[in-house]
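Peer 1: Okay, handing you the structure first.
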Amino acid sequence: MQLNYCQYSTSGEPVLILHGLFGSHSNWGWHAKELAVRFAVTGVDLRNHGGSPHAETMNYQIMAEDIQELLQRLDIESCFIIGHSMGGKVAMELSLSYPQLVSKMIVVDIAPVAYESSADAHMRVIAGMDSLDLEKINSRIEAEDYLRDFIHDESTRQFVLTNLVREKSGGYRWRLNLPAIKKEYDNLRGEPSGNKVFRKPVLFIKGALSNYIKAEHEQQILKFFPKATSKIIMGGGHWLHAEKPQAFNKIAMGFLS
């Protein structure tokens with residue numbers, strides 16, 4: 001699959017940035033521009049997101065193969081990679097399946113574990129997006145008002161609404177492939193496939209207010225990534241790069257440099 005991407009610079013060591021579920025490369029635009037001062041940065045839209053093609057199949061092995069194909073198109077033999085949430089799992093799968101392609105990796109607020117579905121915030125988001133009647137709304141404000149019952153956090157609602165685009169006809173549509181994400185969501189909760197090991201430097205960055213990375217995940221992290229280290233950003237939640245951009249950028253720049 002030929003993924004959509006944006007190259008922010010072409011000078012320095014290559015860095016790929018992979019967004020999380022419901023996101024796109026534009027969500028990381030500020031960080032991409034900051035890192036582009038020193039690195040050759042490429043922001044990527046993962047399949048079924050942003051400007052990338054839609055497909056029915058969505059699992060981490062095939063998404064890692066998408067990135068492998070992109071690196072081949074860009075003639076990048078090895079790169080640094082930053083992945084947030086779902087993008088972090090894609091990055092982990094890539095490093096385990098194609099270790100020669102990754103020299104360093106930053107995994108943002110996600111662990112290589114299978115997450116339970118109970119009380120899942122993502123499922124509430126999917127339910128809200130899926131039940132919104134796009135033929136009846138006349139504005140983004142109407143869409144946001146409807147989603148309040150499903151997505152209580154305002155910043156998360158605004159983030160999700162970046163996927164709502166207006167067509168030339170005046171109607172609205174979701175830019176991402178919601179049916180495929182809904183159908184394949186069990187795959188997205190899973191852990192990396194196989195029993196391979198990535199023995200190069202990996203940094204896990206956790207938001208102190210988030211529970212995606214827990215103490216009990218350490219054994220699983222070290223099983224796949226024996227050289228892993230970690231940092232915690234105080235006051236940051238799951239979207240810590242957006243909530244604490246300066247702190248995140250300092251940590252990322254220090255690790256990659």
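Note on naming: chains are A, B, ... as they come in the structure tokens, residues start from 1 per chain, ligands start from 1 in the order shown.
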Would you list the contacts of Arg38 in chain A as a PyMOL selection string, taking every protein, DNA or RNA residue within 9 Å and counting only C-alpha atoms, but skipping same-chain residues closer than 4 positions in sequence?
Peer 2: chain A and resi 9+11-13+34+253+257
Peer 1: What's the 7 Å shell around Val15 in chain A, counting only C-alpha atoms, without same-chain residues fewer than 4 positions away, as a PyMOL selection string?
Peer 2: chain A and resi 39-42+79-81
Peer 1: Go through A:Val113, A:Ala121, A:Leu16, A:Ile126 and flag the residue nearest Lys183 in chain A, using only C-alpha atoms for the distances.
Peer 2: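 Smallest separation from Lys183 in chain A among the options: A:Ile126.
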Peer 1: Show me a table, sorted first by chain and then by increasing residue number, of the residues of range 73-155 of chain A having an atom at most 10 Å from range 228-232 of chain A, each with its shortest atom pair and the distance in Å to one decimal, counting only C-alpha atoms and written as CSV.
Peer 2:
```
residue,atom,partner,partner_atom,distance
A:Met105,CA,A:Ala228,CA,9.4
A:Ile106,CA,A:Ser230,CA,9.5
A:Val107,CA,A:Ser230,CA,9.4
A:Val108,CA,A:Lys231,CA,9.8
A:Asp109,CA,A:Ile232,CA,9.4
```
Peer 1: Just list the residues in range 61-205 of chain A DSSP gives helix (DSSP H, G or I) on the backbone, as a PyMOL selection string.
Peer 2: chain A and resi 61-73+86-97+99-101+121-131+140-147+154-161+178-188
Peer 1: Just the strand (DSSP E or B) stuff from range 31-243 of chain A, please, per backbone DSSP, written as a PyMOL selection string.
Peer 2: chain A and resi 40-44+79-84+102-108+164-166+172-174+202-207+228-233
Peer 1: Residues as selected, N, CA and C atoms, written as a tab-separated table (two decimals), in the first residue's frame, can you do that?
Peer 2:
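New file part_36.tsv:
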```
chain	number	residue	atom	x	y	z
A	40	ALA	N	16.04	14.44	9.19
A	40	ALA	CA	15.21	14.33	7.99
A	40	ALA	C	13.90	13.65	8.39
A	41	VAL	N	12.88	14.46	8.64
A	41	VAL	CA	11.65	13.98	9.25
A	41	VAL	C	10.56	13.70	8.21
A	42	THR	N	9.91	12.55	8.36
A	42	THR	CA	8.78	12.19	7.53
A	42	THR	C	7.60	11.83	8.43
A	43	GLY	N	6.49	12.53	8.26
A	43	GLY	CA	5.26	12.19	8.97
A	43	GLY	C	4.42	11.30	8.08
A	44	VAL	N	3.85	10.25	8.66
A	44	VAL	CA	3.16	9.22	7.88
A	44	VAL	C	1.70	9.12	8.30
A	79	CYS	N	16.30	3.92	9.96
A	79	CYS	CA	15.79	5.20	10.45
A	79	CYS	C	15.56	5.16	11.95
A	80	PHE	N	15.39	6.35	12.52
A	80	PHE	CA	14.82	6.49	13.85
A	80	PHE	C	13.30	6.53	13.66
A	81	ILE	N	12.57	6.02	14.64
A	81	ILE	CA	11.12	5.99	14.49
A	81	ILE	C	10.46	6.38	15.81
A	82	ILE	N	9.42	7.21	15.71
A	82	ILE	CA	8.61	7.63	16.85
A	82	ILE	C	7.19	7.18	16.58
A	83	GLY	N	6.60	6.45	17.52
A	83	GLY	CA	5.23	5.98	17.33
A	83	GLY	C	4.40	6.19	18.57
A	84	HIS	N	3.23	6.79	18.39
A	84	HIS	CA	2.33	7.04	19.52
A	84	HIS	C	1.15	6.08	19.49
A	102	VAL	N	15.36	-0.21	11.58
A	102	VAL	CA	15.20	0.69	12.73
A	102	VAL	C	16.50	0.73	13.54
A	103	SER	N	17.03	1.93	13.73
A	103	SER	CA	18.25	2.06	14.52
A	103	SER	C	17.98	2.51	15.95
A	104	LYS	N	16.93	3.32	16.14
A	104	LYS	CA	16.47	3.74	17.46
A	104	LYS	C	14.96	3.93	17.39
A	105	MET	N	14.30	3.77	18.54
A	105	MET	CA	12.85	3.87	18.52
A	105	MET	C	12.34	4.53	19.79
A	106	ILE	N	11.35	5.42	19.62
A	106	ILE	CA	10.64	6.02	20.75
A	106	ILE	C	9.19	5.54	20.68
A	107	VAL	N	8.73	4.90	21.75
A	107	VAL	CA	7.36	4.41	21.84
A	107	VAL	C	6.63	5.30	22.84
A	108	VAL	N	5.55	5.93	22.38
A	108	VAL	CA	4.87	6.95	23.18
A	108	VAL	C	3.57	6.40	23.78
A	164	LEU	N	-13.54	14.84	10.48
A	164	LEU	CA	-14.80	15.18	9.82
A	164	LEU	C	-14.52	16.22	8.74
A	165	VAL	N	-14.74	15.84	7.51
A	165	VAL	CA	-14.43	16.75	6.40
A	165	VAL	C	-15.70	17.05	5.61
A	166	ARG	N	-15.74	18.27	5.06
A	166	ARG	CA	-16.90	18.71	4.28
A	166	ARG	C	-16.64	18.48	2.80
A	172	TYR	N	-21.11	16.07	4.86
A	172	TYR	CA	-19.93	15.70	5.64
A	172	TYR	C	-19.64	14.21	5.49
A	173	ARG	N	-18.38	13.86	5.71
A	173	ARG	CA	-17.97	12.45	5.75
A	173	ARG	C	-16.79	12.30	6.70
A	174	TRP	N	-16.61	11.08	7.20
A	174	TRP	CA	-15.41	10.78	7.98
A	174	TRP	C	-14.26	10.47	7.03
A	202	VAL	N	15.66	1.56	22.75
A	202	VAL	CA	14.24	1.92	22.69
A	202	VAL	C	13.91	2.75	23.93
A	203	LEU	N	13.19	3.84	23.72
A	203	LEU	CA	12.75	4.68	24.83
A	203	LEU	C	11.22	4.66	24.88
A	204	PHE	N	10.67	4.27	26.02
A	204	PHE	CA	9.23	4.34	26.26
A	204	PHE	C	8.96	5.62	27.05
A	205	ILE	N	8.10	6.48	26.52
A	205	ILE	CA	7.73	7.72	27.20
A	205	ILE	C	6.28	7.61	27.64
A	206	LYS	N	6.07	7.75	28.94
A	206	LYS	CA	4.74	7.58	29.53
A	206	LYS	C	4.22	8.90	30.08
A	207	GLY	N	2.93	9.14	29.91
A	207	GLY	CA	2.28	10.26	30.58
A	207	GLY	C	1.92	9.84	32.00
A	228	ALA	N	15.48	-1.46	26.51
A	228	ALA	CA	14.50	-0.39	26.71
A	228	ALA	C	14.78	0.41	27.98
A	229	THR	N	14.57	1.71	27.87
A	229	THR	CA	14.57	2.60	29.02
A	229	THR	C	13.25	3.37	29.00
A	230	SER	N	13.00	4.14	30.05
A	230	SER	CA	11.71	4.84	30.11
A	230	SER	C	11.85	6.22	30.72
A	231	LYS	N	10.90	7.08	30.35
A	231	LYS	CA	10.79	8.43	30.91
A	231	LYS	C	9.31	8.68	31.20
A	232	ILE	N	9.04	9.46	32.24
A	232	ILE	CA	7.68	9.84	32.59
A	232	ILE	C	7.56	11.36	32.48
A	233	ILE	N	6.51	11.83	31.81
A	233	ILE	CA	6.25	13.26	31.71
A	233	ILE	C	5.14	13.60	32.70
```
Peer 1: Could you work out how far CA of Ile17 in chain A lies from CA of Asn48 in chain A, giving the answer in Å with one decimal?
Peer 2: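 Between these atoms lies a distance of 16.3 Å.
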Peer 1: Excluding His49 in chain A and its own-chain neighbours fewer than 4 positions away, which residues fall within 9 Å of it when counting only C-alpha atoms? Please give them as an NGL selection string.
Peer 2: :A and (21-24 or 45 or 53-54 or 163 or 175-177)
Peer 1: May I ask which of the residues A:Gln7, A:Pro112, A:Leu70, A:Tyr60 is the closest one to His217 in chain A, counting only C-alpha atoms?
Peer 2: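 With only C-alpha atoms as the atom set, the closest residue is A:Pro112.
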Peer 1: So that I can check the surroundings of Asp130 in chain A, please list as a short mmCIF file (atom, residue, chain, number, x, y, z; two decimals) with N, CA and C atoms, in the first residue's frame every protein, DNA and RNA residue that reaches within 9 Å of it, counting only C-alpha atoms and ignoring chain neighbours fewer than 4 positions away.
Peer 2:
```cif
data_model
loop_
_atom_site.label_atom_id
_atom_site.label_comp_id
_atom_site.auth_asym_id
_atom_site.auth_seq_id
_atom_site.Cartn_x
_atom_site.Cartn_y
_atom_site.Cartn_z
N VAL A 125 -15.71 6.11 21.46
CA VAL A 125 -15.47 7.02 20.34
C VAL A 125 -16.01 6.42 19.05
N ILE A 126 -15.69 5.16 18.81
CA ILE A 126 -16.16 4.49 17.60
C ILE A 126 -17.69 4.46 17.57
N LEU A 178 -13.84 4.24 9.02
CA LEU A 178 -14.45 3.83 10.29
C LEU A 178 -14.94 2.38 10.27
N PRO A 179 -15.58 1.89 9.19
CA PRO A 179 -16.02 0.49 9.20
C PRO A 179 -14.87 -0.50 9.40
N LYS A 182 -13.58 -0.28 13.05
CA LYS A 182 -14.53 -0.95 13.94
C LYS A 182 -14.41 -2.47 13.83
#
```
Peer 1: Leaving out Pro192 in chain A and any residue of its chain fewer than 3 positions from it, which residues lie within 12 Å of it when counting only C-alpha atoms, given as JSON, numbers by chain?
Peer 2: {"A": [59, 60, 61, 62, 63, 64, 86, 88, 89, 90, 91, 92, 93, 94, 95, 96, 97, 110, 111, 112, 113, 114, 115, 187, 188, 189, 195, 196, 197, 198, 220, 221, 223, 224, 225]}
Peer 1: Next, dump the selected residues to file, keeping only C-alpha atoms, as a CSV table (one decimal), in the first residue's frame.
Peer 2:
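That gives us again32.csv:
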```csv
chain,number,residue,atom,x,y,z
A,59,ASN,CA,-3.4,-5.5,11.8
A,60,TYR,CA,0.1,-4.7,13.0
A,61,GLN,CA,2.0,-7.1,10.8
A,62,ILE,CA,0.4,-5.7,7.6
A,63,MET,CA,0.8,-2.1,8.9
A,64,ALA,CA,4.5,-2.8,9.5
A,86,MET,CA,-1.4,2.5,17.7
A,88,GLY,CA,3.8,2.8,18.7
A,89,LYS,CA,2.6,-0.7,18.2
A,90,VAL,CA,3.2,-0.4,14.4
A,91,ALA,CA,6.7,0.8,15.2
A,92,MET,CA,7.3,-2.1,17.6
A,93,GLU,CA,6.1,-4.6,15.1
A,94,LEU,CA,8.3,-3.0,12.4
A,95,SER,CA,11.4,-3.2,14.7
A,96,LEU,CA,10.7,-6.9,15.5
A,97,SER,CA,10.0,-7.9,12.0
A,110,ILE,CA,1.7,2.3,24.8
A,111,ALA,CA,3.1,-1.1,25.8
A,112,PRO,CA,3.6,-4.3,23.8
A,113,VAL,CA,0.6,-5.9,25.5
A,114,ALA,CA,-3.0,-6.8,24.7
A,115,TYR,CA,-5.4,-4.4,26.2
A,187,ASN,CA,-6.4,-6.7,16.3
A,188,LEU,CA,-5.5,-3.1,17.3
A,189,ARG,CA,-5.8,-4.1,21.0
A,195,ASN,CA,8.7,-14.1,19.8
A,196,LYS,CA,11.4,-12.0,18.2
A,197,VAL,CA,13.6,-9.6,20.0
A,198,PHE,CA,14.8,-6.0,19.1
A,220,GLN,CA,6.8,-7.9,28.6
A,221,ILE,CA,8.6,-4.7,27.5
A,223,LYS,CA,11.0,-9.5,26.7
A,224,PHE,CA,10.8,-7.8,23.3
A,225,PHE,CA,13.1,-4.9,24.0
```
Peer 1: At what distance in Å, to one decimal, does CA of Lys136 in chain A lie from CA of Phe159 in chain A?
Peer 2: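 These two atoms are separated by 21.5 Å.
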Peer 1: Please determine, counting only C-alpha atoms, which residue among A:Pro99, A:Pro201, A:Gly194, A:Pro245 has the shortest atom-to-atom distance to Lys227 in chain A.
Peer 2: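 Once distances to Lys227 in chain A are computed over only C-alpha atoms, the minimum belongs to A:Pro201.
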Peer 1: Would you mind telling me which residue in A:Leu35, A:Asn27, A:Leu3, A:Glu69 lies nearest to Lys250 in chain A when using only C-alpha atoms?
Peer 2: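 For Lys250 in chain A, the nearest of the candidates is A:Leu35.
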Peer 1: Between A:His25, A:Arg47, A:His19, A:Lys200, single out the one closest to Ala180 in chain A, counting only C-alpha atoms.
Peer 2: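 Comparing A:His25, A:Arg47, A:His19, A:Lys200 against Ala180 in chain A, the winner is A:Arg47.
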Peer 1: Using only C-alpha atoms, which of the listed residues (A:Arg124, A:His31, A:Arg73, A:His238) sits closest to Tyr212 in chain A?
Peer 2: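 Comparing A:Arg124, A:His31, A:Arg73, A:His238 against Tyr212 in chain A, the winner is A:His238.
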